[in-house]
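Reproduced below: final_3.cif, with mmCIF, C-alpha atoms; chains and numbers go by the auth columns.
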data_entry
loop_
_atom_site.group_PDB
_atom_site.id
_atom_site.type_symbol
_atom_site.label_atom_id
_atom_site.label_comp_id
_atom_site.label_asym_id
_atom_site.label_seq_id
_atom_site.Cartn_x
_atom_site.Cartn_y
_atom_site.Cartn_z
_atom_site.B_iso_or_equiv
_atom_site.auth_seq_id
_atom_site.auth_asym_id
ATOM 1 C CA ALA A 1 -59.643 13.963 -73.055 0.00 22 T
ATOM 2 C CA ALA A 2 -60.302 10.685 -71.262 0.00 23 T
ATOM 3 C CA ALA A 3 -57.157 9.150 -72.758 0.00 24 T
ATOM 4 C CA ALA A 4 -55.033 12.091 -71.656 0.00 25 T
ATOM 5 C CA SER A 5 -56.558 11.927 -68.193 0.00 26 T
ATOM 6 C CA SER A 6 -55.803 8.208 -67.823 0.00 27 T
ATOM 7 C CA GLN A 7 -52.182 8.782 -68.891 0.00 28 T
ATOM 8 C CA GLU A 8 -51.731 11.442 -66.224 0.00 29 T
ATOM 9 C CA GLN A 9 -53.202 9.183 -63.539 0.00 30 T
ATOM 10 C CA GLN A 10 -50.899 6.203 -64.175 0.00 31 T
ATOM 11 C CA PRO A 11 -48.224 5.797 -61.493 0.00 32 T
ATOM 12 C CA SER A 12 -44.618 5.227 -62.440 0.00 33 T
ATOM 13 C CA ALA A 13 -43.266 1.694 -62.704 0.00 34 T
ATOM 14 C CA ALA A 14 -41.264 2.233 -59.476 0.00 35 T
ATOM 15 C CA ALA A 15 -44.362 3.432 -57.623 0.00 36 T
ATOM 16 C CA MET A 16 -46.320 0.420 -58.890 0.00 37 T
ATOM 17 C CA ALA A 17 -43.551 -1.925 -57.746 0.00 38 T
ATOM 18 C CA ASP A 18 -43.547 -0.294 -54.300 0.00 39 T
ATOM 19 C CA GLU A 19 -47.337 -0.678 -54.079 0.00 40 T
ATOM 20 C CA GLN A 20 -47.124 -4.318 -55.155 0.00 41 T
ATOM 21 C CA ASP A 21 -44.252 -5.099 -52.782 0.00 42 T
ATOM 22 C CA PRO A 22 -44.310 -2.821 -49.725 0.00 43 T
ATOM 23 C CA ASP A 23 -41.529 -4.936 -48.203 0.00 44 T
ATOM 24 C CA TYR A 24 -39.118 -4.329 -51.104 0.00 45 T
ATOM 25 C CA GLY A 25 -38.399 -7.978 -51.827 0.00 46 T
ATOM 26 C CA LEU A 26 -37.482 -8.874 -48.252 0.00 47 T
ATOM 27 C CA ASP A 27 -38.701 -12.204 -46.912 0.00 48 T
ATOM 28 C CA ALA A 28 -40.654 -12.254 -43.631 0.00 49 T
ATOM 29 C CA ASN A 29 -37.626 -13.238 -41.520 0.00 50 T
ATOM 30 C CA ALA A 30 -35.389 -10.543 -42.974 0.00 51 T
ATOM 31 C CA LEU A 31 -38.158 -7.972 -42.690 0.00 52 T
ATOM 32 C CA ALA A 32 -38.719 -8.836 -39.014 0.00 53 T
ATOM 33 C CA LYS A 33 -34.966 -8.740 -38.294 0.00 54 T
ATOM 34 C CA TYR A 34 -34.425 -5.382 -40.003 0.00 55 T
ATOM 35 C CA THR A 35 -37.554 -3.828 -38.485 0.00 56 T
ATOM 36 C CA GLU A 36 -36.570 -4.973 -34.996 0.00 57 T
ATOM 37 C CA ALA A 37 -33.054 -3.590 -35.405 0.00 58 T
ATOM 38 C CA TYR A 38 -34.430 -0.304 -36.732 0.00 59 T
ATOM 39 C CA ASN A 39 -36.853 0.007 -33.807 0.00 60 T
ATOM 40 C CA ILE A 40 -34.025 -0.575 -31.319 0.00 61 T
ATOM 41 C CA TRP A 41 -31.939 2.182 -32.926 0.00 62 T
ATOM 42 C CA ASP A 42 -34.945 4.537 -33.150 0.00 63 T
ATOM 43 C CA LYS A 43 -34.271 5.783 -29.625 0.00 64 T
ATOM 44 C CA GLN A 44 -36.954 8.498 -29.684 0.00 65 T
ATOM 45 C CA GLN A 45 -39.502 6.080 -31.239 0.00 66 T
ATOM 46 C CA CYS A 46 -40.449 8.709 -33.824 0.00 67 T
ATOM 47 C CA ASP A 47 -39.454 6.804 -36.998 0.00 68 T
ATOM 48 C CA LEU A 48 -36.387 8.979 -37.539 0.00 69 T
ATOM 49 C CA ILE A 49 -32.788 7.848 -37.115 0.00 70 T
ATOM 50 C CA PRO A 50 -29.854 10.177 -37.805 0.00 71 T
ATOM 51 C CA TRP A 51 -27.544 9.096 -40.608 0.00 72 T
ATOM 52 C CA THR A 52 -24.577 10.213 -38.530 0.00 73 T
ATOM 53 C CA PRO A 53 -23.618 8.478 -36.314 0.00 74 T
ATOM 54 C CA ASP A 54 -26.399 5.869 -36.036 0.00 75 T
ATOM 55 C CA PHE A 55 -26.663 4.386 -39.532 0.00 76 T
ATOM 56 C CA SER A 56 -23.290 2.642 -39.304 0.00 77 T
ATOM 57 C CA GLY A 57 -24.227 1.067 -35.955 0.00 78 T
ATOM 58 C CA LEU A 58 -27.618 -0.039 -37.261 0.00 79 T
ATOM 59 C CA TRP A 59 -26.024 -1.495 -40.404 0.00 80 T
ATOM 60 C CA ARG A 60 -23.536 -3.451 -38.321 0.00 81 T
ATOM 61 C CA SER A 61 -26.287 -4.635 -35.956 0.00 82 T
ATOM 62 C CA ILE A 62 -27.935 -6.511 -38.840 0.00 83 T
ATOM 63 C CA GLY A 63 -24.765 -8.468 -39.521 0.00 84 T
ATOM 64 C CA GLN A 64 -23.102 -6.242 -42.088 0.00 85 T
ATOM 65 C CA ASN A 65 -19.466 -5.240 -41.890 0.00 86 T
ATOM 66 C CA PRO A 66 -19.185 -2.220 -44.180 0.00 87 T
ATOM 67 C CA THR A 67 -16.127 -0.200 -44.972 0.00 88 T
ATOM 68 C CA GLU A 68 -16.294 3.569 -44.470 0.00 89 T
ATOM 69 C CA ALA A 69 -16.474 3.921 -48.262 0.00 90 T
ATOM 70 C CA GLU A 70 -19.513 1.622 -48.418 0.00 91 T
ATOM 71 C CA LEU A 71 -21.254 3.588 -45.664 0.00 92 T
ATOM 72 C CA LYS A 72 -20.595 6.853 -47.514 0.00 93 T
ATOM 73 C CA GLU A 73 -21.877 5.316 -50.755 0.00 94 T
ATOM 74 C CA ILE A 74 -25.147 4.237 -49.136 0.00 95 T
ATOM 75 C CA GLN A 75 -25.630 7.568 -47.406 0.00 96 T
ATOM 76 C CA SER A 76 -24.900 9.608 -50.524 0.00 97 T
ATOM 77 C CA ALA A 77 -27.310 7.482 -52.557 0.00 98 T
ATOM 78 C CA TRP A 78 -30.157 7.630 -50.030 0.00 99 T
ATOM 79 C CA ALA A 79 -29.753 10.662 -47.765 0.00 100 T
ATOM 80 C CA SER A 80 -30.669 13.430 -50.266 0.00 101 T
ATOM 81 C CA ASP A 81 -30.926 16.583 -48.201 0.00 102 T
ATOM 82 C CA THR A 82 -32.008 14.934 -44.975 0.00 103 T
ATOM 83 C CA LEU A 83 -30.053 14.255 -41.823 0.00 104 T
ATOM 84 C CA HIS A 84 -32.371 11.386 -40.810 0.00 105 T
ATOM 85 C CA PHE A 85 -33.952 8.332 -42.417 0.00 106 T
ATOM 86 C CA ARG A 86 -37.159 6.396 -41.799 0.00 107 T
ATOM 87 C CA LEU A 87 -37.950 2.674 -41.571 0.00 108 T
ATOM 88 C CA ASP A 88 -39.326 2.749 -45.113 0.00 109 T
ATOM 89 C CA THR A 89 -35.993 4.058 -46.445 0.00 110 T
ATOM 90 C CA PHE A 90 -34.084 1.484 -44.406 0.00 111 T
ATOM 91 C CA LYS A 91 -36.191 -1.350 -45.864 0.00 112 T
ATOM 92 C CA LYS A 92 -35.552 0.006 -49.372 0.00 113 T
ATOM 93 C CA ILE A 93 -31.800 0.014 -48.726 0.00 114 T
ATOM 94 C CA CYS A 94 -31.908 -3.538 -47.340 0.00 115 T
ATOM 95 C CA GLY A 95 -34.006 -4.802 -50.248 0.00 116 T
ATOM 96 C CA SER A 96 -32.100 -2.963 -52.961 0.00 117 T
ATOM 97 C CA ASP A 97 -30.806 -5.155 -55.764 0.00 118 T
ATOM 98 C CA ASN A 98 -29.276 -2.417 -57.853 0.00 119 T
ATOM 99 C CA PRO A 99 -26.930 -1.900 -56.199 0.00 120 T
ATOM 100 C CA ARG A 100 -27.128 -4.710 -53.664 0.00 121 T
ATOM 101 C CA TYR A 101 -25.960 -3.412 -50.286 0.00 122 T
ATOM 102 C CA ILE A 102 -26.682 -6.451 -48.087 0.00 123 T
ATOM 103 C CA LYS A 103 -23.796 -8.888 -48.251 0.00 124 T
ATOM 104 C CA ASP A 104 -24.359 -12.558 -47.589 0.00 125 T
ATOM 105 C CA ALA A 105 -22.491 -14.054 -44.663 0.00 126 T
ATOM 106 C CA ILE A 106 -19.230 -15.724 -45.562 0.00 127 T
ATOM 107 C CA ARG A 107 -19.010 -19.427 -44.824 0.00 128 T
ATOM 108 C CA PRO A 108 -15.816 -20.694 -43.153 0.00 129 T
ATOM 109 C CA GLU A 109 -15.094 -22.925 -46.149 0.00 130 T
ATOM 110 C CA GLN A 110 -15.050 -19.858 -48.411 0.00 131 T
ATOM 111 C CA LEU A 111 -12.444 -18.143 -46.249 0.00 132 T
ATOM 112 C CA ILE A 112 -10.273 -21.249 -46.112 0.00 133 T
ATOM 113 C CA GLU A 113 -10.430 -21.571 -49.907 0.00 134 T
ATOM 114 C CA ALA A 114 -9.498 -17.900 -50.281 0.00 135 T
ATOM 115 C CA PHE A 115 -6.463 -18.351 -48.004 0.00 136 T
ATOM 116 C CA LYS A 116 -5.427 -21.480 -49.929 0.00 137 T
ATOM 117 C CA THR A 117 -5.015 -19.263 -52.986 0.00 138 T
ATOM 118 C CA TYR A 118 -2.031 -17.613 -51.292 0.00 139 T
ATOM 119 C CA ASP A 119 -0.649 -20.815 -49.752 0.00 140 T
ATOM 120 C CA LYS A 120 1.681 -21.674 -52.642 0.00 141 T
ATOM 121 C CA ASP A 121 3.380 -24.614 -50.928 0.00 142 T
ATOM 122 C CA GLY A 122 0.175 -26.156 -49.523 0.00 143 T
ATOM 123 C CA THR A 123 1.235 -26.147 -45.852 0.00 144 T
ATOM 124 C CA GLY A 124 -1.975 -24.625 -44.505 0.00 145 T
ATOM 125 C CA LYS A 125 -0.003 -21.632 -43.275 0.00 146 T
ATOM 126 C CA LEU A 126 0.656 -18.062 -44.329 0.00 147 T
ATOM 127 C CA SER A 127 3.285 -15.710 -42.995 0.00 148 T
ATOM 128 C CA VAL A 128 2.187 -12.587 -41.149 0.00 149 T
ATOM 129 C CA ALA A 129 3.604 -10.519 -44.036 0.00 150 T
ATOM 130 C CA GLN A 130 1.566 -12.503 -46.595 0.00 151 T
ATOM 131 C CA LEU A 131 -1.583 -12.121 -44.518 0.00 152 T
ATOM 132 C CA ARG A 132 -1.056 -8.365 -44.106 0.00 153 T
ATOM 133 C CA TYR A 133 -0.522 -8.037 -47.853 0.00 154 T
ATOM 134 C CA VAL A 134 -3.730 -9.947 -48.600 0.00 155 T
ATOM 135 C CA VAL A 135 -5.917 -7.859 -46.281 0.00 156 T
ATOM 136 C CA GLN A 136 -4.476 -4.570 -47.487 0.00 157 T
ATOM 137 C CA PHE A 137 -4.399 -5.170 -51.225 0.00 158 T
ATOM 138 C CA TYR A 138 -7.201 -7.608 -52.154 0.00 159 T
ATOM 139 C CA GLY A 139 -10.978 -7.567 -51.826 0.00 160 T
ATOM 140 C CA ASP A 140 -12.386 -5.212 -49.198 0.00 161 T
ATOM 141 C CA ARG A 141 -9.056 -3.626 -48.379 0.00 162 T
ATOM 142 C CA PHE A 142 -8.163 -2.820 -44.789 0.00 163 T
ATOM 143 C CA ASP A 143 -6.621 0.526 -44.035 0.00 164 T
ATOM 144 C CA GLU A 144 -3.399 0.591 -41.972 0.00 165 T
ATOM 145 C CA ALA A 145 -5.187 0.719 -38.592 0.00 166 T
ATOM 146 C CA GLU A 146 -7.609 -2.095 -39.511 0.00 167 T
ATOM 147 C CA ALA A 147 -4.710 -4.225 -40.777 0.00 168 T
ATOM 148 C CA ASP A 148 -2.756 -3.591 -37.560 0.00 169 T
ATOM 149 C CA GLU A 149 -5.751 -4.626 -35.443 0.00 170 T
ATOM 150 C CA PHE A 150 -6.370 -7.750 -37.528 0.00 171 T
ATOM 151 C CA ILE A 151 -2.703 -8.789 -37.465 0.00 172 T
ATOM 152 C CA ALA A 152 -2.488 -8.222 -33.695 0.00 173 T
ATOM 153 C CA PHE A 153 -5.566 -10.443 -33.194 0.00 174 T
ATOM 154 C CA THR A 154 -4.172 -13.051 -35.574 0.00 175 T
ATOM 155 C CA VAL A 155 -0.728 -13.180 -33.962 0.00 176 T
ATOM 156 C CA ALA A 156 -2.226 -13.348 -30.449 0.00 177 T
ATOM 157 C CA LYS A 157 -4.584 -16.197 -31.332 0.00 178 T
ATOM 158 C CA CYS A 158 -3.082 -18.124 -34.226 0.00 179 T
ATOM 159 C CA SER A 159 0.652 -17.779 -34.658 0.00 180 T
ATOM 160 C CA GLU A 160 2.942 -20.730 -34.183 0.00 181 T
ATOM 161 C CA GLU A 161 5.310 -20.141 -31.306 0.00 182 T
ATOM 162 C CA GLY A 162 8.696 -18.927 -32.474 0.00 183 T
ATOM 163 C CA THR A 163 7.593 -18.298 -36.078 0.00 184 T
ATOM 164 C CA ASP A 164 5.661 -15.734 -38.037 0.00 185 T
ATOM 165 C CA LEU A 165 3.423 -18.435 -39.555 0.00 186 T
ATOM 166 C CA ILE A 166 -0.356 -18.433 -39.202 0.00 187 T
ATOM 167 C CA ASP A 167 -2.462 -21.595 -39.514 0.00 188 T
ATOM 168 C CA TYR A 168 -5.270 -20.098 -41.570 0.00 189 T
ATOM 169 C CA GLU A 169 -7.813 -22.865 -40.804 0.00 190 T
ATOM 170 C CA PHE A 170 -7.324 -22.129 -37.101 0.00 191 T
ATOM 171 C CA LEU A 171 -7.582 -18.410 -37.881 0.00 192 T
ATOM 172 C CA VAL A 172 -10.961 -18.966 -39.535 0.00 193 T
ATOM 173 C CA GLU A 173 -12.133 -20.922 -36.443 0.00 194 T
ATOM 174 C CA GLU A 174 -11.047 -18.027 -34.216 0.00 195 T
ATOM 175 C CA LEU A 175 -12.776 -15.482 -36.443 0.00 196 T
ATOM 176 C CA MET A 176 -15.978 -17.524 -36.279 0.00 197 T
ATOM 177 C CA LYS A 177 -15.777 -17.647 -32.485 0.00 198 T
ATOM 178 C CA ARG A 178 -15.211 -13.917 -32.336 0.00 199 T
ATOM 179 C CA ASP A 179 -18.196 -13.066 -34.551 0.00 200 T
ATOM 180 C CA PRO A 180 -20.089 -16.101 -35.893 0.00 201 T
ATOM 181 C CA ALA A 181 -22.668 -14.015 -37.791 0.00 202 T
ATOM 182 C CA ASN A 182 -20.250 -11.673 -39.455 0.00 203 T
ATOM 183 C CA VAL A 183 -16.812 -12.966 -40.271 0.00 204 T
#
Show me this structure written as C-alpha cells.
Amino acid sequence: AAAASSQEQQPSAAAMADEQDPDYGLDANALAKYTEAYNIWDKQQCDLIPWTPDFSGLWRSIGQNPTEAELKEIQSAWASDTLHFRLDTFKKICGSDNPRYIKDAIRPEQLIEAFKTYDKDGTGKLSVAQLRYVVQFYGDRFDEAEADEFIAFTVAKCSEEGTDLIDYEFLVEELMKRDPANV
C-alpha cells in the first residue's frame, strides 16, 4: 500500500521541471525584461492580458517581429479555452524550447550575407524586382501589403537615382537605424 501511495504522490516530470526552474530557463536579464513588458501591458494590474489584441503588441515590445501565422500558432498552442493569459504563461512561452518562439536578433552581417546570395554579379546591389521576390518567396514571407511597405521604404531610402537598384549594405544600415533591436 505504501508503494502504491508513493507512486500516486509523485509529480509528473513537467511539474518537477517547473518546480526546479520557476523561470522556465530564462536568464535574469531576460526574465526582468519580459516581466517588465508584461507588467506594462497588464493595464488593469490583475495578472490577466487578453490574447486579442494585446498579445501581438506585447510580443513585439520584447523585440520579436512575428508573422500573423506565428502569432496564431502561439495562441492556439497556449490559449486553450481562455481569452486571457497570465505572467506565468507568458514566461513559459518565452522560455519554450520545443518549439522555440523567441527569435534571436539578426546581426547586420547576417543580412548582408543573405543579400549577397542573390547578388549574382557581386555589385553589392539588387534590383527592386529581385528584392521583392526575395521578401515574398523566401524565409519569413511578406504578404503583398508588407512587401509593398518594405519596397516603398527601400526605394525612398536606398535606391540609386535614376535606377531600380538597391545598395543592400546601405539598406541594412537604414533598417538598423529604423529598428536597431529588431531588424
Test item: the PyMOL selection byres ((chain T and resi 195) around 12) resolved as a ChimeraX atom specification: /T:129,171,174-180,187-194,196-201,204
How many Å lie between CA of Gly46 in chain T and CA of Arg107 in chain T, rounded to one decimal?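 Result for CA of Gly46 in chain T versus CA of Arg107 in chain T: 17.6 Å, one decimal.
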With the PyMOL selection byres ((chain T and resi 151) around 12) as the selection, what would be picked from this file? Answer as number ranges by chain, please. T: 136-141, 146-150, 152-159, 168, 172, 185-187, 189
Can you list, as a list in words, the residues that the PyMOL selection byres ((chain T and resi 68) around 12) selects here?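 Selection result, ordered by chain and number: Thr56, Tyr59, Asn60, Ile61, Trp62, Asp63, Lys64, Gln65, Gln66, Cys67, Leu69, Ile70, Pro71, His105, Phe106, Arg107, Leu108, Asp109, Thr110 and Phe111 of chain T.
In this structure, CA of Leu52 in chain T sits 27.7 Å away from CA of Glu130 in chain T.
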Which residue of T:Ala173, T:Gly145, T:Ala166, T:Ile83 approaches Cys115 in chain T most closely, using all atoms listed in the file: T:Ile83
Write out as a PyMOL selection string each polymer residue whose atoms come within 12 Å of range 123-127 of chain T, counting all atoms listed in the file; drop sequence neighbours fewer than 6 positions from it. chain T and resi 47+51+55+80-81+83-87+91-92+95+111-117+133-135+193+196-197+200-204
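Among the candidates T:Asp102, T:Ala58, T:Glu94, T:Phe163, the residue lying nearest to Gly78 in chain T is T:Ala58 (atoms considered: all atoms listed in the file).
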Please report the interatomic distance between CA of Lys93 in chain T and CA of Ser77 in chain T in Å with one decimal. 9.6 Å
Centre and edges of the range 165-175 of chain T box, axis-aligned, 3 Å extra per side, as AutoDock Vina command-line options:
--center_x -5.0 --center_y -6.2 --center_z -37.6 --size_x 11.1 --size_y 19.8 --size_z 14.8
